[in-house]
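**Student:** Mind having a look at this structure? Questions to follow.
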Amino acid sequence: MKKLFQIRGILQGAWTAVSNSYLVGFLQGNIYQGKGKYLCAPGLNCYACPGALGSCPIGSLQAVFGNLKYTVSFYVTGCLLLIGVILGRFVCGFLCPIGWVQELNHRIPLFQKRKSLPGHRFLKYLPYGVLLLFVIILSMLTVRQDGIGTPWFCKWICPGGTLLGGLPLLLGNSILRQAAGMLFAWKVLLLAGVLLLAIKIYRPFCKYICPLGVIYGWFHSISLVRLHICQEKCIHCGKCEQACKMGIAVEQNPNSPECVRCGDCIKACPTGAIS
Amino acid sequence: MKTEGRKERNVKALVCVVIALAMISIGLCRGEQSVIYRKAKNICMECIGIG
């Protein structure tokens, strides 16, 4: 178990590479159009990424919410439920490219590191608001004439689309480069902000914005991948809580909805009480 | 007591898995995957910050 968490960074990079392995897209400035796009990727992996082989679950949810014919998506909701119950936020810790990029940034030896922003105990509820307003309500209320909803979260907030989709596509496609305007500037600014903040704060996007983490976190009390604390081995030293960069009281609530299954608590525990 | 708690959680998880599979099946029967594919196979202009 510990070994799995020791190689977590490698697994994150490997998953990002595999799930975005349509290299022709990067070279030609277009995207994969194969049948893999019928499937929802588990993490926040923009389907506008030239290499993406699957569809972003949040983008897909918004597409169906705003659809004149369907509005409610059984398929995407079912996928999220299935992934959430089986893996929970293991997805965040192992299978999300945006989480991986933030962690890489956090390793840059600049600035004094902090676990969270001031006001964390209030800010940690922001992702619920993002999910409710941008992903659900606005997508349902604004429907285009072609019957596909406007993805408000993707358009105005998600840095993944800029990092994985916008920047590589604009590099390889001159027509798209010419069309870039104020919206693109805003998205690049947002991306830069998240990446800079990630150097100082651990996973700021996951903590304060990401709606997908909220959804998967709901299932932590029953997910098959869960943390367990052996009370006989636990010596209540508090090292798990000190090590937890998500600010969780690990001993009291090892399966908190905010846990991204990074395994830092497991590595820090001197008695091996956490598994 | 612990075993009962674990058993109860596993039952809840199993029920959720069954519901999830049923929802996916319903979604596929309704043809929702075509909406997702139609969106995903074209470059999402909103996602990349064009429009």
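Note on naming: chains are A, B, ... as they come in the structure tokens, residues start from 1 per chain, ligands start from 1 in the order shown.
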Could you write out as a JSON list (two decimals) with all heavy atoms, in the first residue's frame the residues of chain B within 8 Å of chain A, counting only C-alpha atoms?
**Tutor:**
[["chain", "number", "residue", "atom", "x", "y", "z"],
["B", 9, "ARG", "N", -21.90, -0.67, 4.91],
["B", 9, "ARG", "CA", -21.29, 0.20, 3.90],
["B", 9, "ARG", "C", -21.18, -0.51, 2.56],
["B", 9, "ARG", "O", -21.45, 0.06, 1.51],
["B", 9, "ARG", "CB", -19.89, 0.64, 4.35],
["B", 9, "ARG", "CG", -19.85, 1.89, 5.20],
["B", 9, "ARG", "CD", -18.47, 2.49, 5.21],
["B", 9, "ARG", "NE", -17.46, 1.53, 5.61],
["B", 9, "ARG", "CZ", -17.07, 1.31, 6.86],
["B", 9, "ARG", "NH1", -17.63, 1.97, 7.85],
["B", 9, "ARG", "NH2", -16.13, 0.42, 7.13],
["B", 10, "ASN", "N", -20.77, -1.78, 2.63],
["B", 10, "ASN", "CA", -20.62, -2.54, 1.39],
["B", 10, "ASN", "C", -21.96, -2.74, 0.69],
["B", 10, "ASN", "O", -22.05, -2.69, -0.54],
["B", 10, "ASN", "CB", -19.98, -3.90, 1.67],
["B", 10, "ASN", "CG", -18.49, -3.77, 1.99],
["B", 10, "ASN", "OD1", -17.89, -2.74, 1.71],
["B", 10, "ASN", "ND2", -17.93, -4.78, 2.61],
["B", 12, "LYS", "N", -24.52, -0.67, 0.89],
["B", 12, "LYS", "CA", -24.87, 0.65, 0.31],
["B", 12, "LYS", "C", -24.10, 0.85, -0.98],
["B", 12, "LYS", "O", -24.64, 1.34, -1.97],
["B", 12, "LYS", "CB", -24.52, 1.77, 1.30],
["B", 12, "LYS", "CG", -25.50, 1.92, 2.44],
["B", 12, "LYS", "CD", -25.08, 3.08, 3.33],
["B", 12, "LYS", "CE", -25.95, 3.14, 4.57],
["B", 12, "LYS", "NZ", -25.45, 4.15, 5.55],
["B", 13, "ALA", "N", -22.81, 0.48, -0.94],
["B", 13, "ALA", "CA", -21.97, 0.66, -2.14],
["B", 13, "ALA", "C", -22.49, -0.20, -3.29],
["B", 13, "ALA", "O", -22.58, 0.26, -4.43],
["B", 13, "ALA", "CB", -20.52, 0.32, -1.83],
["B", 16, "CYS", "N", -25.55, 1.28, -4.77],
["B", 16, "CYS", "CA", -25.20, 2.44, -5.61],
["B", 16, "CYS", "C", -24.62, 1.99, -6.94],
["B", 16, "CYS", "O", -24.90, 2.60, -7.98],
["B", 16, "CYS", "CB", -24.19, 3.33, -4.88],
["B", 16, "CYS", "SG", -24.93, 4.33, -3.61],
["B", 17, "VAL", "N", -23.83, 0.92, -6.93],
["B", 17, "VAL", "CA", -23.26, 0.42, -8.18],
["B", 17, "VAL", "C", -24.39, -0.07, -9.10],
["B", 17, "VAL", "O", -24.39, 0.22, -10.30],
["B", 17, "VAL", "CB", -22.25, -0.73, -7.91],
["B", 17, "VAL", "CG1", -21.91, -1.46, -9.19],
["B", 17, "VAL", "CG2", -20.99, -0.17, -7.28],
["B", 19, "ILE", "N", -27.52, 0.90, -9.07],
["B", 19, "ILE", "CA", -28.25, 2.09, -9.54],
["B", 19, "ILE", "C", -27.47, 2.78, -10.65],
["B", 19, "ILE", "O", -28.02, 3.20, -11.67],
["B", 19, "ILE", "CB", -28.52, 3.08, -8.38],
["B", 19, "ILE", "CG1", -29.51, 2.47, -7.39],
["B", 19, "ILE", "CG2", -29.04, 4.41, -8.90],
["B", 19, "ILE", "CD1", -29.69, 3.27, -6.11],
["B", 20, "ALA", "N", -26.15, 2.87, -10.46],
["B", 20, "ALA", "CA", -25.30, 3.53, -11.46],
["B", 20, "ALA", "C", -25.36, 2.80, -12.79],
["B", 20, "ALA", "O", -25.50, 3.43, -13.85],
["B", 20, "ALA", "CB", -23.86, 3.60, -10.97],
["B", 21, "LEU", "N", -25.27, 1.49, -12.74],
["B", 21, "LEU", "CA", -25.32, 0.70, -13.97],
["B", 21, "LEU", "C", -26.68, 0.84, -14.64],
["B", 21, "LEU", "O", -26.78, 0.94, -15.88],
["B", 21, "LEU", "CB", -25.01, -0.77, -13.68],
["B", 21, "LEU", "CG", -23.57, -1.07, -13.25],
["B", 21, "LEU", "CD1", -23.40, -2.50, -12.79],
["B", 21, "LEU", "CD2", -22.58, -0.75, -14.37],
["B", 22, "ALA", "N", -27.73, 0.89, -13.82],
["B", 22, "ALA", "CA", -29.08, 1.08, -14.38],
["B", 22, "ALA", "C", -29.19, 2.45, -15.05],
["B", 22, "ALA", "O", -29.75, 2.57, -16.15],
["B", 22, "ALA", "CB", -30.13, 0.94, -13.28],
["B", 23, "MET", "N", -28.65, 3.46, -14.39],
["B", 23, "MET", "CA", -28.71, 4.82, -14.96],
["B", 23, "MET", "C", -27.94, 4.91, -16.26],
["B", 23, "MET", "O", -28.37, 5.54, -17.23],
["B", 23, "MET", "CB", -28.16, 5.84, -13.96],
["B", 23, "MET", "CG", -29.07, 6.10, -12.79],
["B", 23, "MET", "SD", -28.41, 7.29, -11.63],
["B", 23, "MET", "CE", -28.83, 8.82, -12.40],
["B", 24, "ILE", "N", -26.77, 4.26, -16.28],
["B", 24, "ILE", "CA", -25.97, 4.27, -17.51],
["B", 24, "ILE", "C", -26.74, 3.59, -18.63],
["B", 24, "ILE", "O", -26.79, 4.08, -19.78],
["B", 24, "ILE", "CB", -24.60, 3.58, -17.27],
["B", 24, "ILE", "CG1", -23.73, 4.44, -16.36],
["B", 24, "ILE", "CG2", -23.88, 3.33, -18.59],
["B", 24, "ILE", "CD1", -22.48, 3.76, -15.86],
["B", 25, "SER", "N", -27.39, 2.48, -18.30],
["B", 25, "SER", "CA", -28.17, 1.75, -19.31],
["B", 25, "SER", "C", -29.32, 2.61, -19.83],
["B", 25, "SER", "O", -29.57, 2.67, -21.04],
["B", 25, "SER", "CB", -28.74, 0.46, -18.73],
["B", 25, "SER", "OG", -27.70, -0.32, -18.19],
["B", 26, "ILE", "N", -30.03, 3.27, -18.90],
["B", 26, "ILE", "CA", -31.14, 4.14, -19.32],
["B", 26, "ILE", "C", -30.62, 5.26, -20.22],
["B", 26, "ILE", "O", -31.20, 5.57, -21.25],
["B", 26, "ILE", "CB", -31.86, 4.74, -18.08],
["B", 26, "ILE", "CG1", -32.57, 3.64, -17.30],
["B", 26, "ILE", "CG2", -32.85, 5.83, -18.50],
["B", 26, "ILE", "CD1", -33.08, 4.09, -15.93],
["B", 27, "GLY", "N", -29.50, 5.85, -19.82],
["B", 27, "GLY", "CA", -28.91, 6.93, -20.60],
["B", 27, "GLY", "C", -28.52, 6.47, -22.00],
["B", 27, "GLY", "O", -28.74, 7.19, -22.98],
["B", 28, "LEU", "N", -27.96, 5.28, -22.09],
["B", 28, "LEU", "CA", -27.57, 4.74, -23.39],
["B", 28, "LEU", "C", -28.80, 4.47, -24.25],
["B", 28, "LEU", "O", -28.81, 4.74, -25.45],
["B", 28, "LEU", "CB", -26.75, 3.45, -23.21],
["B", 28, "LEU", "CG", -25.34, 3.63, -22.65],
["B", 28, "LEU", "CD1", -24.70, 2.29, -22.34],
["B", 28, "LEU", "CD2", -24.46, 4.42, -23.61],
["B", 32, "GLU", "N", -28.27, 9.44, -24.94],
["B", 32, "GLU", "CA", -27.56, 10.60, -24.40],
["B", 32, "GLU", "C", -26.10, 10.63, -24.84],
["B", 32, "GLU", "O", -25.49, 11.68, -24.95],
["B", 32, "GLU", "CB", -27.61, 10.58, -22.87],
["B", 32, "GLU", "CG", -28.98, 10.88, -22.29],
["B", 32, "GLU", "CD", -29.02, 10.62, -20.80],
["B", 32, "GLU", "OE1", -27.95, 10.61, -20.16],
["B", 32, "GLU", "OE2", -30.12, 10.41, -20.27],
["B", 33, "GLN", "N", -25.54, 9.44, -25.10],
["B", 33, "GLN", "CA", -24.12, 9.40, -25.44],
["B", 33, "GLN", "C", -23.86, 10.12, -26.76],
["B", 33, "GLN", "O", -22.77, 10.64, -26.98],
["B", 33, "GLN", "CB", -23.60, 7.94, -25.49],
["B", 33, "GLN", "CG", -24.06, 7.12, -26.67],
["B", 33, "GLN", "CD", -25.46, 6.56, -26.51],
["B", 33, "GLN", "OE1", -26.21, 6.92, -25.59],
["B", 33, "GLN", "NE2", -25.86, 5.67, -27.40],
["B", 34, "SER", "N", -24.90, 10.22, -27.61],
["B", 34, "SER", "CA", -24.71, 10.91, -28.88],
["B", 34, "SER", "C", -24.56, 12.43, -28.66],
["B", 34, "SER", "O", -23.86, 13.10, -29.41],
["B", 34, "SER", "CB", -25.88, 10.63, -29.83],
["B", 34, "SER", "OG", -27.08, 11.08, -29.24],
["B", 35, "VAL", "N", -25.23, 12.94, -27.63],
["B", 35, "VAL", "CA", -25.09, 14.38, -27.30],
["B", 35, "VAL", "C", -23.66, 14.65, -26.84],
["B", 35, "VAL", "O", -23.04, 15.62, -27.26],
["B", 35, "VAL", "CB", -26.07, 14.76, -26.16],
["B", 35, "VAL", "CG1", -25.82, 16.19, -25.69],
["B", 35, "VAL", "CG2", -27.50, 14.61, -26.64],
["B", 36, "ILE", "N", -23.16, 13.76, -26.01],
["B", 36, "ILE", "CA", -21.80, 13.92, -25.50],
["B", 36, "ILE", "C", -20.79, 13.79, -26.62],
["B", 36, "ILE", "O", -19.86, 14.61, -26.74],
["B", 36, "ILE", "CB", -21.53, 12.88, -24.39],
["B", 36, "ILE", "CG1", -22.40, 13.18, -23.18],
["B", 36, "ILE", "CG2", -20.06, 12.88, -23.98],
["B", 36, "ILE", "CD1", -22.65, 12.00, -22.30],
["B", 37, "TYR", "N", -20.98, 12.82, -27.46],
["B", 37, "TYR", "CA", -20.05, 12.60, -28.57],
["B", 37, "TYR", "C", -20.06, 13.79, -29.53],
["B", 37, "TYR", "O", -19.01, 14.24, -29.99],
["B", 37, "TYR", "CB", -20.40, 11.31, -29.30],
["B", 37, "TYR", "CG", -19.45, 10.98, -30.43],
["B", 37, "TYR", "CD1", -18.12, 10.67, -30.16],
["B", 37, "TYR", "CD2", -19.88, 11.01, -31.76],
["B", 37, "TYR", "CE1", -17.24, 10.38, -31.20],
["B", 37, "TYR", "CE2", -19.00, 10.72, -32.79],
["B", 37, "TYR", "CZ", -17.69, 10.41, -32.51],
["B", 37, "TYR", "OH", -16.81, 10.14, -33.53],
["B", 39, "LYS", "N", -20.69, 16.82, -28.87],
["B", 39, "LYS", "CA", -19.96, 17.93, -28.23],
["B", 39, "LYS", "C", -18.47, 17.66, -28.23],
["B", 39, "LYS", "O", -17.66, 18.53, -28.54],
["B", 39, "LYS", "CB", -20.47, 18.09, -26.79],
["B", 39, "LYS", "CG", -19.78, 19.17, -25.98],
["B", 39, "LYS", "CD", -20.15, 20.55, -26.43],
["B", 39, "LYS", "CE", -19.37, 21.60, -25.68],
["B", 39, "LYS", "NZ", -19.57, 22.94, -26.19],
["B", 40, "ALA", "N", -18.09, 16.42, -27.90],
["B", 40, "ALA", "CA", -16.68, 16.10, -27.67],
["B", 40, "ALA", "C", -15.87, 15.94, -28.96],
["B", 40, "ALA", "O", -14.66, 16.14, -28.95],
["B", 40, "ALA", "CB", -16.57, 14.84, -26.83],
["B", 41, "LYS", "N", -16.52, 15.56, -30.06],
["B", 41, "LYS", "CA", -15.74, 15.32, -31.29],
["B", 41, "LYS", "C", -15.42, 16.62, -32.02],
["B", 41, "LYS", "O", -14.56, 16.64, -32.90],
["B", 41, "LYS", "CB", -16.47, 14.35, -32.21],
["B", 41, "LYS", "CG", -17.68, 14.92, -32.91],
["B", 41, "LYS", "CD", -18.19, 13.96, -33.95],
["B", 41, "LYS", "CE", -19.35, 14.61, -34.69],
["B", 41, "LYS", "NZ", -19.64, 14.04, -35.98],
["B", 42, "ASN", "N", -16.12, 17.69, -31.65],
["B", 42, "ASN", "CA", -15.79, 19.00, -32.22],
["B", 42, "ASN", "C", -15.01, 19.80, -31.18],
["B", 42, "ASN", "O", -15.23, 19.63, -29.99],
["B", 42, "ASN", "CB", -17.06, 19.77, -32.59],
["B", 42, "ASN", "CG", -17.86, 19.04, -33.64],
["B", 42, "ASN", "OD1", -17.35, 18.68, -34.69],
["B", 42, "ASN", "ND2", -19.13, 18.77, -33.35],
["B", 43, "ILE", "N", -14.14, 20.66, -31.65],
["B", 43, "ILE", "CA", -13.34, 21.46, -30.71],
["B", 43, "ILE", "C", -14.28, 22.35, -29.90],
["B", 43, "ILE", "O", -15.05, 23.13, -30.47],
["B", 43, "ILE", "CB", -12.29, 22.32, -31.44],
["B", 43, "ILE", "CG1", -11.26, 21.42, -32.11],
["B", 43, "ILE", "CG2", -11.60, 23.28, -30.48],
["B", 43, "ILE", "CD1", -10.24, 22.17, -32.96],
["B", 44, "CYS", "N", -14.23, 22.21, -28.59],
["B", 44, "CYS", "CA", -15.09, 23.00, -27.70],
["B", 44, "CYS", "C", -14.52, 24.41, -27.61],
["B", 44, "CYS", "O", -13.54, 24.64, -26.88],
["B", 44, "CYS", "CB", -15.18, 22.35, -26.32],
["B", 44, "CYS", "SG", -16.06, 23.35, -25.10],
["B", 46, "GLU", "N", -15.70, 27.10, -26.29],
["B", 46, "GLU", "CA", -15.81, 27.72, -24.96],
["B", 46, "GLU", "C", -14.71, 27.23, -24.05],
["B", 46, "GLU", "O", -14.11, 27.99, -23.29],
["B", 46, "GLU", "CB", -17.18, 27.37, -24.33],
["B", 46, "GLU", "CG", -18.38, 27.94, -25.06],
["B", 46, "GLU", "CD", -18.97, 26.93, -26.03],
["B", 46, "GLU", "OE1", -18.28, 25.94, -26.35],
["B", 46, "GLU", "OE2", -20.12, 27.15, -26.45],
["B", 47, "CYS", "N", -14.40, 25.93, -24.14],
["B", 47, "CYS", "CA", -13.40, 25.33, -23.24],
["B", 47, "CYS", "C", -12.01, 25.91, -23.47],
["B", 47, "CYS", "O", -11.24, 26.10, -22.53],
["B", 47, "CYS", "CB", -13.34, 23.81, -23.43],
["B", 47, "CYS", "SG", -14.92, 22.99, -23.19],
["B", 48, "ILE", "N", -11.69, 26.20, -24.73],
["B", 48, "ILE", "CA", -10.34, 26.68, -25.02],
["B", 48, "ILE", "C", -10.25, 28.20, -24.99],
["B", 48, "ILE", "O", -9.20, 28.76, -25.20],
["B", 48, "ILE", "CB", -9.82, 26.13, -26.37],
["B", 48, "ILE", "CG1", -10.64, 26.67, -27.55],
["B", 48, "ILE", "CG2", -9.79, 24.63, -26.37],
["B", 48, "ILE", "CD1", -10.05, 26.33, -28.91],
["B", 49, "GLY", "N", -11.39, 28.85, -24.73],
["B", 49, "GLY", "CA", -11.37, 30.29, -24.55],
["B", 49, "GLY", "C", -11.55, 31.12, -25.81],
["B", 49, "GLY", "O", -11.12, 32.27, -25.87],
["B", 50, "ILE", "N", -12.18, 30.50, -26.81],
["B", 50, "ILE", "CA", -12.40, 31.25, -28.05],
["B", 50, "ILE", "C", -13.82, 31.84, -28.07],
["B", 50, "ILE", "O", -14.01, 32.99, -28.44],
["B", 50, "ILE", "CB", -12.18, 30.35, -29.29],
["B", 50, "ILE", "CG1", -10.76, 29.79, -29.31],
["B", 50, "ILE", "CG2", -12.50, 31.10, -30.57],
["B", 50, "ILE", "CD1", -9.68, 30.83, -29.53],
["B", 51, "GLY", "N", -14.81, 31.05, -27.68],
["B", 51, "GLY", "CA", -16.13, 31.65, -27.72],
["B", 51, "GLY", "C", -17.29, 30.79, -27.38],
["B", 51, "GLY", "O", -17.44, 30.23, -26.42]]
**Student:** Within 12 Å of segment 233-240 of chain A, counting only C-alpha atoms, which residues show up once you throw out same-chain ones fewer than 4 positions away? Write them as a PDB file with N, CA, C and O atoms, in the first residue's frame, please.
**Tutor:**
ATOM      1  N   HIS A 228      -8.650   3.459   6.451  1.00  0.00           N
ATOM      2  CA  HIS A 228      -9.066   2.815   7.706  1.00  0.00           C
ATOM      3  C   HIS A 228      -7.979   3.056   8.751  1.00  0.00           C
ATOM      4  O   HIS A 228      -6.798   2.933   8.461  1.00  0.00           O
ATOM      5  N   ILE A 229      -8.411   3.448   9.956  1.00  0.00           N
ATOM      6  CA  ILE A 229      -7.447   3.649  11.047  1.00  0.00           C
ATOM      7  C   ILE A 229      -7.617   2.537  12.072  1.00  0.00           C
ATOM      8  O   ILE A 229      -8.716   2.348  12.617  1.00  0.00           O
ATOM      9  N   CYS A 244      -1.200  16.015   6.526  1.00  0.00           N
ATOM     10  CA  CYS A 244      -2.292  16.189   5.559  1.00  0.00           C
ATOM     11  C   CYS A 244      -2.310  17.593   5.009  1.00  0.00           C
ATOM     12  O   CYS A 244      -2.565  18.563   5.718  1.00  0.00           O
ATOM     13  N   LYS A 245      -2.094  17.712   3.703  1.00  0.00           N
ATOM     14  CA  LYS A 245      -2.041  19.035   3.079  1.00  0.00           C
ATOM     15  C   LYS A 245      -3.441  19.542   2.700  1.00  0.00           C
ATOM     16  O   LYS A 245      -3.578  20.666   2.231  1.00  0.00           O
ATOM     17  N   MET A 246      -4.456  18.714   2.883  1.00  0.00           N
ATOM     18  CA  MET A 246      -5.820  19.159   2.594  1.00  0.00           C
ATOM     19  C   MET A 246      -6.487  19.703   3.849  1.00  0.00           C
ATOM     20  O   MET A 246      -7.646  20.105   3.810  1.00  0.00           O
ATOM     21  N   GLY A 247      -5.731  19.698   4.979  1.00  0.00           N
ATOM     22  CA  GLY A 247      -6.251  20.287   6.213  1.00  0.00           C
ATOM     23  C   GLY A 247      -7.326  19.452   6.897  1.00  0.00           C
ATOM     24  O   GLY A 247      -8.246  19.993   7.499  1.00  0.00           O
ATOM     25  N   ILE A 248      -7.188  18.132   6.800  1.00  0.00           N
ATOM     26  CA  ILE A 248      -8.209  17.242   7.366  1.00  0.00           C
ATOM     27  C   ILE A 248      -7.740  16.712   8.728  1.00  0.00           C
ATOM     28  O   ILE A 248      -6.563  16.416   8.907  1.00  0.00           O
ATOM     29  N   ALA A 249      -8.682  16.614   9.657  1.00  0.00           N
ATOM     30  CA  ALA A 249      -8.383  15.961  10.942  1.00  0.00           C
ATOM     31  C   ALA A 249      -8.476  14.460  10.689  1.00  0.00           C
ATOM     32  O   ALA A 249      -9.522  13.836  10.868  1.00  0.00           O
ATOM     33  N   VAL A 250      -7.369  13.888  10.254  1.00  0.00           N
ATOM     34  CA  VAL A 250      -7.364  12.514   9.724  1.00  0.00           C
ATOM     35  C   VAL A 250      -7.855  11.502  10.750  1.00  0.00           C
ATOM     36  O   VAL A 250      -8.623  10.600  10.438  1.00  0.00           O
ATOM     37  N   GLU A 251      -7.412  11.671  11.989  1.00  0.00           N
ATOM     38  CA  GLU A 251      -7.774  10.688  13.017  1.00  0.00           C
ATOM     39  C   GLU A 251      -9.289  10.662  13.256  1.00  0.00           C
ATOM     40  O   GLU A 251      -9.885   9.613  13.443  1.00  0.00           O
ATOM     41  N   GLN A 252      -9.887  11.871  13.247  1.00  0.00           N
ATOM     42  CA  GLN A 252     -11.337  11.949  13.491  1.00  0.00           C
ATOM     43  C   GLN A 252     -12.137  11.567  12.244  1.00  0.00           C
ATOM     44  O   GLN A 252     -13.194  10.961  12.352  1.00  0.00           O
ATOM     45  N   ASN A 253     -11.639  11.950  11.070  1.00  0.00           N
ATOM     46  CA  ASN A 253     -12.431  11.775   9.851  1.00  0.00           C
ATOM     47  C   ASN A 253     -11.553  11.349   8.670  1.00  0.00           C
ATOM     48  O   ASN A 253     -11.285  12.138   7.773  1.00  0.00           O
ATOM     49  N   PRO A 254     -11.078  10.103   8.683  1.00  0.00           N
ATOM     50  CA  PRO A 254     -10.153   9.669   7.626  1.00  0.00           C
ATOM     51  C   PRO A 254     -10.801   9.650   6.239  1.00  0.00           C
ATOM     52  O   PRO A 254     -10.093   9.712   5.240  1.00  0.00           O
ATOM     53  N   CYS A 262      -4.050  11.211  -1.221  1.00  0.00           N
ATOM     54  CA  CYS A 262      -2.643  11.393  -1.602  1.00  0.00           C
ATOM     55  C   CYS A 262      -1.731  10.423  -0.859  1.00  0.00           C
ATOM     56  O   CYS A 262      -0.613  10.165  -1.291  1.00  0.00           O
ATOM     57  N   GLY A 263      -2.201   9.941   0.323  1.00  0.00           N
ATOM     58  CA  GLY A 263      -1.402   8.971   1.077  1.00  0.00           C
ATOM     59  C   GLY A 263      -0.340   9.581   1.967  1.00  0.00           C
ATOM     60  O   GLY A 263       0.463   8.844   2.567  1.00  0.00           O
ATOM     61  N   ASP A 264      -0.308  10.901   2.104  1.00  0.00           N
ATOM     62  CA  ASP A 264       0.720  11.521   2.957  1.00  0.00           C
ATOM     63  C   ASP A 264       0.540  11.102   4.413  1.00  0.00           C
ATOM     64  O   ASP A 264       1.525  10.943   5.151  1.00  0.00           O
ATOM     65  N   CYS A 265      -0.707  10.905   4.817  1.00  0.00           N
ATOM     66  CA  CYS A 265      -0.966  10.488   6.207  1.00  0.00           C
ATOM     67  C   CYS A 265      -0.457   9.060   6.439  1.00  0.00           C
ATOM     68  O   CYS A 265       0.094   8.753   7.511  1.00  0.00           O
ATOM     69  N   ILE A 266      -0.622   8.221   5.444  1.00  0.00           N
ATOM     70  CA  ILE A 266      -0.161   6.831   5.541  1.00  0.00           C
ATOM     71  C   ILE A 266       1.359   6.803   5.673  1.00  0.00           C
ATOM     72  O   ILE A 266       1.922   6.072   6.501  1.00  0.00           O
ATOM     73  N   LYS A 267       2.018   7.648   4.871  1.00  0.00           N
ATOM     74  CA  LYS A 267       3.485   7.698   4.909  1.00  0.00           C
ATOM     75  C   LYS A 267       3.985   8.273   6.233  1.00  0.00           C
ATOM     76  O   LYS A 267       5.036   7.897   6.736  1.00  0.00           O
ATOM     77  N   ALA A 268       3.209   9.206   6.819  1.00  0.00           N
ATOM     78  CA  ALA A 268       3.658   9.885   8.041  1.00  0.00           C
ATOM     79  C   ALA A 268       3.422   9.062   9.299  1.00  0.00           C
ATOM     80  O   ALA A 268       4.090   9.278  10.311  1.00  0.00           O
ATOM     81  N   CYS A 269       2.455   8.137   9.249  1.00  0.00           N
ATOM     82  CA  CYS A 269       2.085   7.393  10.449  1.00  0.00           C
ATOM     83  C   CYS A 269       3.227   6.505  10.917  1.00  0.00           C
ATOM     84  O   CYS A 269       3.664   5.619  10.173  1.00  0.00           O
ATOM     85  N   PRO A 270       3.726   6.706  12.167  1.00  0.00           N
ATOM     86  CA  PRO A 270       4.874   5.920  12.627  1.00  0.00           C
ATOM     87  C   PRO A 270       4.542   4.463  12.972  1.00  0.00           C
ATOM     88  O   PRO A 270       5.443   3.628  13.026  1.00  0.00           O
ATOM     89  N   THR A 271       3.265   4.168  13.205  1.00  0.00           N
ATOM     90  CA  THR A 271       2.902   2.805  13.619  1.00  0.00           C
ATOM     91  C   THR A 271       2.177   2.022  12.522  1.00  0.00           C
ATOM     92  O   THR A 271       1.790   0.880  12.751  1.00  0.00           O
ATOM     93  N   GLY A 272       1.989   2.635  11.371  1.00  0.00           N
ATOM     94  CA  GLY A 272       1.277   1.927  10.299  1.00  0.00           C
ATOM     95  C   GLY A 272      -0.186   1.719  10.611  1.00  0.00           C
ATOM     96  O   GLY A 272      -0.797   0.742  10.170  1.00  0.00           O
ATOM     97  N   ALA A 273      -0.767   2.654  11.387  1.00  0.00           N
ATOM     98  CA  ALA A 273      -2.162   2.481  11.803  1.00  0.00           C
ATOM     99  C   ALA A 273      -3.152   2.808  10.691  1.00  0.00           C
ATOM    100  O   ALA A 273      -4.311   2.429  10.749  1.00  0.00           O
ATOM    101  N   ILE A 274      -2.688   3.540   9.694  1.00  0.00           N
ATOM    102  CA  ILE A 274      -3.600   3.959   8.618  1.00  0.00           C
ATOM    103  C   ILE A 274      -3.366   3.072   7.387  1.00  0.00           C
ATOM    104  O   ILE A 274      -2.235   2.901   6.943  1.00  0.00           O
ATOM    105  N   SER A 275      -4.435   2.519   6.885  1.00  0.00           N
ATOM    106  CA  SER A 275      -4.338   1.686   5.679  1.00  0.00           C
ATOM    107  C   SER A 275      -5.488   2.004   4.734  1.00  0.00           C
ATOM    108  O   SER A 275      -6.456   2.657   5.129  1.00  0.00           O
TER     109      SER A 275
END
**Student:** For atom CA of Ser116 of chain A and atom CA of Trp15 of chain A, determine how far apart the two atoms are, in Å to one decimal place.
**Tutor:** 26.7 Å
**Student:** Atom CA of Glu258 of chain A to atom CA of Cys230 of chain A: how many Å, to one decimal?
**Tutor:**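 Interatomic distance, atom CA of Glu258 of chain A to atom CA of Cys230 of chain A: 20.8 Å.
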**Student:** Mind checking DSSP for chain B and telling me the alpha helix (DSSP H) residues as a PyMOL selection string?
**Tutor:** chain B and resi 2-30+32-40+45-48
**Student:** What's the separation between atom CA of Cys29 of chain B and atom CA of Gly213 of chain A, in Å to one decimal place?
**Tutor:**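 Rounded to one decimal, the two atoms are 28.0 Å apart.
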**Student:** Report as a list in words all protein, DNA and RNA residues lying within 8 Å of segment 126-128 of chain A, evaluated on only C-alpha atoms, omitting residues in the same chain fewer than 4 positions from it.
**Tutor:**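 Contacts, in chain order: Phe122, Leu132, Lys207, Tyr208, Ile209, Cys210, Pro211 and Val214 of chain A.
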